[in-house]
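Contents: one structure, followed by commentary.
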Amino acid sequence: MSIPQSGGGPITSHDQLAQYLADGCKPKDQWRIGTEHEKFGYCKDTLKPLPYEGDRSIRVMLEGLRDAHGWAPVEEGGKLIGLEKDGANISLEPGGQLELSGAPLETIHETCDEVNTHLREVQDVADRIGAGFIGLGAAPVWSHDDMDLMPKGRYKLMNDYMGRVGTMGRVMMRRTCTVQVNLDFSSEADMVQKMRVALALQPVATALFANSPFFEGRPNGHKSWRSVAWRNLDAARTGMLPFVFEEGFGFERWVDYALDVPMYFVYRDGRYVDALGMSFRDFLDGKLPTLPGEIPTLSDWADHLTTIFPEARVKRFIEMRGADGGPWRRLCALPAFWVGLMYDQTALDAAWDLVKDWDMGTRDLMRVAASIDGLQAEVHGIKLHDIAREAVRISEAGLKARARAGAGGMVPDENHFLNALMESVESGKVPADELLEHYHGDWDGDLSRIYADYSY
């Protein structure tokens with residue numbers, strides 16, 4: 001989850017809302033890659049999740065990273081709730097999932113170096129306190145009550161609101177993890193094409209990265225239970241956004257959509273003011289019940305944009321949000337997949353050709369089928385395995401065309417970061433399939449084995 005935004009004066013004109021998004025446009029030579037990934041922490045002896053407080057806890061993890069590895073503290077209400085360093089930040093998801101929001105970087109080589117460094121630092125601190133970390137799309141065993149709600153005002157408000165809308169918002173908050181990538185656009189037209197490709201192909205990402213076949217101690221019938229949670233969270237702020245594919249979509253249309261998403265909060269003087277279910281349109285008119293007479297700032301608008309959770313999201317960049325958290329190789333493969341598709345125009349055009357004839361019903365059904373069947377999903381005769389194979393091929397071509405070398409020039413491009421996905425499209429198996437094979441095979445139904453076998 002995002003940290004509070006800052007800066008930006010009062011909003012005096014509706015035009016400022018779209019302009020805020022348009023200000024994200026960058027020339028291609030300034031495009032960057034921002035990778036975010038979450039993971040579950042647990043006590044190695046009990047296999048229970050790390051609480052916020054205690055000798056083995058999230059707080060101690062953050063303190064250790066601060067003291068041993070030079071991260072600067074981020075506090076709220078006197079509580080350590082995050083860290084910052086070199087353009088990156090470490091934050092807490094509601095159930096204590098530890099998230100790295102990486103710095104904006106030029107290549108996947110740099111992204112993977114960042115991932116490696118982060119996981120080494122986390123392991124260093126975790127080993128000292130008898131903790132471990134594991135990358136999965138959903139907590140395989142733990143119950144809701146096993147997991148502390150982190151001491152952030154935003155989460156306290158969301159926890160209350162999630163109990164009123166949808167059915168699985170609190171599951172999403174405490175018991176899911178993702179890996180996602182944030183990518184730039186050069187113009188409104190470029191944003192539109194990228195958003196359409198992003199949304200249409202999110203089911204491919206859901207399938208390729210599906211890694212949550214267990215929930216509350218047993219198989220749940222889905223390859224990605226995390227996807228199920230997001231589909232049943234809050235219809236007002238999630239989904240596949242059919243309006244993105246309509247003629248006339250652009251920054252202004254995104255503003256109209258965002259204004260209709262009910263608010264969660266307003267951040268003032270270090271605290272979160274309850275604005276649950278209220279209207280940002282009323283806020284613009286100075287009629288927000290919780291802050292009567294006050295008009296929003298651009299930082300309020302930026303905060304509100306972080307409370308919208310579709311499969312792909314526009315801010316001053318585009319976020320790809322459909323993938324489960326997972327093992328190390330897929331933390332690097334996810335940004336590689338999308339960069340290959342999005343940062344080369346020939347690849348982007350080919351990706352759009354792959355999905356441009358799908359209608360809203362097909363996209364929605366594919367999203368559901370991907371979560372259930374992974375690469376074996378099929379909708380209206382369209383086999384997701386075939387689409388994934390072609391999407392990975394297009395991404396590979398895009399990365400080759402980028403020709404961003406690594407290892408001091410010894411590695412000619414970023415293509416090898418797709419190896420895990422190439423193996424999946426060759427075999428038809430994704431991480432969830434492997435986990436289920438272990439569960440029904442050598443684990444003999446003992447899910448405690450997952451921690452030793454799949455932790456970082």
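Residue numbering restarts at 1 in every chain; chains get A, B, ... in the order shown in the structure tokens, and ligands count up from 1 in that same order.
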
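Look at segment 389-399 of chain A: the protein and nucleic acid residues within 6 Å of it, using only C-alpha atoms and passing over chain neighbours fewer than 2 places away, are Phe337, Gly340, Leu341, Asp344, Ala347, Asp386, Ile387, Ala401, Arg402, Glu414, Asn415 and Val425 of chain A.
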
Could the residues of segment 32-60 of chain A that have an atom at most 12 Å from segment 304-318 of chain A be listed as a Markdown table, each with its closest atom pair and the distance in Å to one decimal, counting only C-alpha atoms and ordered by chain and ascending residue number?
```
| residue | atom | partner | partner_atom | distance |
| --- | --- | --- | --- | --- |
| A:Arg32 | CA | A:Phe317 | CA | 9.7 |
| A:Ile33 | CA | A:Phe317 | CA | 9.9 |
| A:Gly34 | CA | A:Phe317 | CA | 9.6 |
| A:Thr35 | CA | A:Ile318 | CA | 11.6 |
```

Worksheet item: Residues at most 8 Å from segment 224-231 of chain A, counting only C-alpha atoms, excluding those fewer than 3 positions away in the same chain, as a list in words?
Response: Gly137, Ala138, Met168, Gly169, Val171, Met172, Thr176, Cys177, Thr206, Ala207, Ala210, Asn211, Ser212, Pro213, Phe214, Phe215, Asn220, Asp234, Ala235, Thr238, Gly239, Gly322, Asp324, Val368, Ala370, Ser371, Ile372, Gly374 and Ala432 of chain A

Practice prompt. Find the spatial neighbours of Glu93 of chain A, counting only C-alpha atoms, within a cut-off of 8 Å - ignore same-chain residues fewer than 5 positions away - and output them as a PyMOL selection string.
Written response: chain A and resi 1+38+98-99+150+173-174

Could those residues be written to a file, using N, CA and C atoms, as a PDB file, in the first residue's frame?
```
ATOM      1  N   MET A   1       0.841  -1.195   0.000  1.00  0.00           N
ATOM      2  CA  MET A   1       0.000   0.000   0.000  1.00  0.00           C
ATOM      3  C   MET A   1       0.877   1.246   0.000  1.00  0.00           C
ATOM      4  N   GLU A  38       5.901  -8.103  -2.437  1.00  0.00           N
ATOM      5  CA  GLU A  38       5.514  -8.339  -1.048  1.00  0.00           C
ATOM      6  C   GLU A  38       5.837  -9.781  -0.660  1.00  0.00           C
ATOM      7  N   LEU A  98       5.816  -7.644   4.181  1.00  0.00           N
ATOM      8  CA  LEU A  98       6.889  -6.681   3.971  1.00  0.00           C
ATOM      9  C   LEU A  98       7.006  -6.398   2.476  1.00  0.00           C
ATOM     10  N   GLU A  99       6.930  -5.131   2.099  1.00  0.00           N
ATOM     11  CA  GLU A  99       6.948  -4.752   0.692  1.00  0.00           C
ATOM     12  C   GLU A  99       8.157  -3.878   0.384  1.00  0.00           C
ATOM     13  N   MET A 150      -1.521  -4.005  10.998  1.00  0.00           N
ATOM     14  CA  MET A 150      -0.408  -3.093  11.244  1.00  0.00           C
ATOM     15  C   MET A 150      -0.910  -1.729  11.730  1.00  0.00           C
ATOM     16  N   MET A 173      -6.430  -7.767   2.419  1.00  0.00           N
ATOM     17  CA  MET A 173      -5.564  -6.922   3.228  1.00  0.00           C
ATOM     18  C   MET A 173      -4.518  -7.728   3.987  1.00  0.00           C
ATOM     19  N   ARG A 174      -4.934  -8.767   4.669  1.00  0.00           N
ATOM     20  CA  ARG A 174      -4.030  -9.483   5.556  1.00  0.00           C
ATOM     21  C   ARG A 174      -3.319 -10.658   4.902  1.00  0.00           C
TER      22      ARG A 174
END
```

Worksheet entry | Selected residue, from A:Glu76, A:Asp444, A:Asp353, A:Asp23, that lies nearest to Arg271 of chain A when counting only C-alpha atoms | A:Glu76

Practice prompt. Give me every strand (DSSP E) residue in segment 65-193 of chain A, going by DSSP on the backbone, as a PyMOL selection string.
Written response: chain A and resi 72-76+79-85+88-92+98-101+131-134+179-183

For the residues selected in the previous step, produce a file with C-alpha atoms as a PDB file, in the first residue's frame.
```
ATOM      1  CA  ALA A  72      15.930   5.849   7.180  1.00  0.00           C
ATOM      2  CA  PRO A  73      12.853   5.386   9.378  1.00  0.00           C
ATOM      3  CA  VAL A  74       9.282   6.316   8.466  1.00  0.00           C
ATOM      4  CA  GLU A  75       7.001   6.708  11.472  1.00  0.00           C
ATOM      5  CA  GLU A  76       3.318   7.251  12.048  1.00  0.00           C
ATOM      6  CA  LYS A  79       5.315   3.715  15.401  1.00  0.00           C
ATOM      7  CA  LEU A  80       7.952   2.601  12.909  1.00  0.00           C
ATOM      8  CA  ILE A  81       5.927   1.663   9.837  1.00  0.00           C
ATOM      9  CA  GLY A  82       8.413   1.935   6.955  1.00  0.00           C
ATOM     10  CA  LEU A  83      11.887   2.761   5.682  1.00  0.00           C
ATOM     11  CA  GLU A  84      13.419   4.838   2.879  1.00  0.00           C
ATOM     12  CA  LYS A  85      16.726   4.764   1.020  1.00  0.00           C
ATOM     13  CA  ALA A  88      13.194   3.044  -2.680  1.00  0.00           C
ATOM     14  CA  ASN A  89      11.008   2.381   0.331  1.00  0.00           C
ATOM     15  CA  ILE A  90      10.063  -0.571   2.487  1.00  0.00           C
ATOM     16  CA  SER A  91       6.489  -0.499   3.705  1.00  0.00           C
ATOM     17  CA  LEU A  92       3.998  -2.724   5.469  1.00  0.00           C
ATOM     18  CA  LEU A  98       6.889  -6.681   3.971  1.00  0.00           C
ATOM     19  CA  GLU A  99       6.948  -4.752   0.692  1.00  0.00           C
ATOM     20  CA  LEU A 100       9.845  -3.319  -1.238  1.00  0.00           C
ATOM     21  CA  SER A 101       8.814  -0.483  -3.547  1.00  0.00           C
ATOM     22  CA  ALA A 131      12.310 -15.519  11.271  1.00  0.00           C
ATOM     23  CA  GLY A 132      11.791 -16.473   7.653  1.00  0.00           C
ATOM     24  CA  PHE A 133      10.126 -14.939   4.611  1.00  0.00           C
ATOM     25  CA  ILE A 134       8.207 -16.642   1.843  1.00  0.00           C
ATOM     26  CA  VAL A 179       4.585  -8.547  -7.385  1.00  0.00           C
ATOM     27  CA  GLN A 180       3.917  -5.654  -9.735  1.00  0.00           C
ATOM     28  CA  VAL A 181       5.760  -3.240 -11.991  1.00  0.00           C
ATOM     29  CA  ASN A 182       5.228   0.463 -12.624  1.00  0.00           C
ATOM     30  CA  LEU A 183       5.918   1.705 -16.142  1.00  0.00           C
TER      31      LEU A 183
END
```

Contacts of segment 296-298 of chain A within 8 Å, only C-alpha atoms, excl. fewer than 4 positions in-chain, as an mmCIF file with C-alpha atoms, in the first residue's frame:
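As a result, result-v8.cif now contains:
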```cif
data_model
loop_
_atom_site.group_PDB
_atom_site.id
_atom_site.type_symbol
_atom_site.label_atom_id
_atom_site.label_comp_id
_atom_site.auth_asym_id
_atom_site.auth_seq_id
_atom_site.Cartn_x
_atom_site.Cartn_y
_atom_site.Cartn_z
ATOM 1 C CA GLY A 7 3.276 18.568 -2.009
ATOM 2 C CA GLY A 8 0.867 20.259 -4.370
ATOM 3 C CA GLY A 9 -1.310 23.246 -3.629
ATOM 4 C CA PRO A 10 -5.097 23.533 -3.492
ATOM 5 C CA ILE A 11 -7.126 22.275 -6.442
ATOM 6 C CA LEU A 17 -6.939 16.570 -12.011
ATOM 7 C CA TYR A 20 -1.754 15.796 -12.717
ATOM 8 C CA PHE A 283 -14.554 17.522 -1.610
ATOM 9 C CA LEU A 284 -13.815 19.592 -4.730
ATOM 10 C CA GLY A 286 -15.803 22.187 -0.273
ATOM 11 C CA ALA A 302 -2.684 11.620 -5.370
#
```

Worksheet item: Can you tell me, as number ranges by chain, what residues are no more than 8 Å from segment 249-266 of chain A when counting only C-alpha atoms, ignoring any on the same chain fewer than 3 positions away?
Response: A: 17-19, 21-22, 154, 157-158, 188-189, 191-192, 236-237, 243-246, 272-281, 300, 303-305, 307-308, 314

May I have the residues from that selection written out with N, CA and C atoms, as a short mmCIF file (atom, residue, chain, number, x, y, z; two decimals), in the first residue's frame?
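In the end it all went to part11.cif:
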```cif
data_model
loop_
_atom_site.label_atom_id
_atom_site.label_comp_id
_atom_site.auth_asym_id
_atom_site.auth_seq_id
_atom_site.Cartn_x
_atom_site.Cartn_y
_atom_site.Cartn_z
N LEU A 17 -6.90 18.00 -12.31
CA LEU A 17 -6.94 16.57 -12.01
C LEU A 17 -6.36 15.76 -13.16
N ALA A 18 -6.80 16.05 -14.38
CA ALA A 18 -6.24 15.37 -15.55
C ALA A 18 -4.81 15.80 -15.81
N GLN A 19 -4.51 17.08 -15.55
CA GLN A 19 -3.16 17.56 -15.78
C GLN A 19 -2.17 16.86 -14.85
N LEU A 21 -2.22 13.77 -14.01
CA LEU A 21 -1.86 12.53 -14.69
C LEU A 21 -0.99 12.80 -15.90
N ALA A 22 -1.37 13.82 -16.69
CA ALA A 22 -0.62 14.14 -17.90
C ALA A 22 0.82 14.54 -17.60
N ARG A 154 -4.48 4.41 7.95
CA ARG A 154 -5.12 4.02 6.69
C ARG A 154 -5.74 2.62 6.81
N LEU A 157 -8.97 2.33 8.99
CA LEU A 157 -10.16 2.77 8.26
C LEU A 157 -10.57 1.75 7.21
N MET A 158 -9.60 1.26 6.44
CA MET A 158 -9.91 0.29 5.40
C MET A 158 -10.49 -0.99 5.98
N GLU A 188 -0.64 10.84 -23.92
CA GLU A 188 -1.96 10.30 -23.62
C GLU A 188 -2.26 9.10 -24.51
N ALA A 189 -1.94 9.19 -25.80
CA ALA A 189 -2.20 8.07 -26.71
C ALA A 189 -1.40 6.84 -26.31
N MET A 191 -0.37 6.14 -23.26
CA MET A 191 -1.01 5.62 -22.06
C MET A 191 -2.22 4.77 -22.41
N VAL A 192 -3.04 5.24 -23.34
CA VAL A 192 -4.26 4.52 -23.72
C VAL A 192 -3.91 3.14 -24.28
N ALA A 236 -16.72 -1.22 -6.66
CA ALA A 236 -16.60 0.19 -7.02
C ALA A 236 -15.17 0.59 -7.36
N ARG A 237 -14.18 -0.23 -6.99
CA ARG A 237 -12.79 0.19 -7.18
C ARG A 237 -11.91 -0.92 -7.77
N PHE A 243 -14.56 0.75 -19.74
CA PHE A 243 -14.51 2.09 -20.34
C PHE A 243 -13.14 2.40 -20.94
N VAL A 244 -12.10 1.69 -20.47
CA VAL A 244 -10.76 1.92 -21.02
C VAL A 244 -10.70 1.55 -22.50
N PHE A 245 -11.57 0.64 -22.93
CA PHE A 245 -11.57 0.18 -24.31
C PHE A 245 -12.55 0.95 -25.19
N GLU A 246 -13.22 1.93 -24.61
CA GLU A 246 -14.19 2.71 -25.37
C GLU A 246 -13.50 3.88 -26.07
N TYR A 272 -4.96 10.13 9.66
CA TYR A 272 -5.92 9.83 8.62
C TYR A 272 -7.32 10.21 9.09
N VAL A 273 -7.94 11.14 8.37
CA VAL A 273 -9.30 11.58 8.69
C VAL A 273 -10.28 10.68 7.96
N ASP A 274 -11.24 10.15 8.69
CA ASP A 274 -12.23 9.22 8.13
C ASP A 274 -13.08 9.92 7.08
N ALA A 275 -13.00 9.44 5.83
CA ALA A 275 -13.87 9.92 4.76
C ALA A 275 -14.51 8.73 4.05
N LEU A 276 -14.70 7.64 4.77
CA LEU A 276 -15.17 6.39 4.18
C LEU A 276 -16.49 6.57 3.45
N GLY A 277 -16.49 6.19 2.19
CA GLY A 277 -17.70 6.24 1.38
C GLY A 277 -18.09 7.62 0.89
N MET A 278 -17.31 8.64 1.23
CA MET A 278 -17.64 10.01 0.82
C MET A 278 -17.16 10.27 -0.61
N SER A 279 -17.55 11.40 -1.15
CA SER A 279 -17.32 11.71 -2.55
C SER A 279 -16.22 12.74 -2.74
N PHE A 280 -15.24 12.44 -3.60
CA PHE A 280 -14.22 13.43 -3.92
C PHE A 280 -14.82 14.60 -4.68
N ARG A 281 -15.92 14.37 -5.39
CA ARG A 281 -16.61 15.47 -6.07
C ARG A 281 -17.11 16.49 -5.04
N ASP A 300 -3.94 15.32 -1.90
CA ASP A 300 -5.15 14.57 -1.59
C ASP A 300 -5.61 13.76 -2.80
N ASP A 303 -3.33 10.83 -3.15
CA ASP A 303 -3.71 9.81 -2.17
C ASP A 303 -4.95 9.04 -2.62
N HIS A 304 -5.94 9.76 -3.11
CA HIS A 304 -7.17 9.10 -3.54
C HIS A 304 -6.90 8.11 -4.67
N LEU A 305 -6.01 8.47 -5.58
CA LEU A 305 -5.69 7.57 -6.70
C LEU A 305 -5.07 6.26 -6.22
N THR A 307 -6.16 4.55 -3.77
CA THR A 307 -7.22 3.72 -3.19
C THR A 307 -8.08 3.06 -4.25
N ILE A 308 -7.65 3.11 -5.51
CA ILE A 308 -8.35 2.49 -6.62
C ILE A 308 -7.56 1.23 -7.01
N VAL A 314 -3.83 3.72 -13.48
CA VAL A 314 -3.12 4.92 -13.94
C VAL A 314 -2.88 5.86 -12.77
#
```

Item to complete: Write out as a ChimeraX atom specification each polymer residue whose atoms come within 9 Å of Thr111 of chain A, counting only C-alpha atoms; drop sequence neighbours fewer than 4 positions from it.
Response: /A:33-35,102-107,115-116,332,335

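Put simply, atom CA of Asp15 of chain A is 18.7 Å away from atom CA of Glu294 of chain A.
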
Item to complete: Have a look at atom CA of Pro51 of chain A and atom CA of Met147 of chain A and let me know their distance in Å, one decimal.
Response: 6.8 Å

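From atom CA of Asp45 of chain A back to atom CA of Trp443 of chain A, the distance works out to 18.6 Å.
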
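Between Pro151 of chain A and the candidates A:His416, A:Arg59, A:Arg404, A:Lys429, the tightest atom-to-atom separation, counting only C-alpha atoms, involves A:Arg59.
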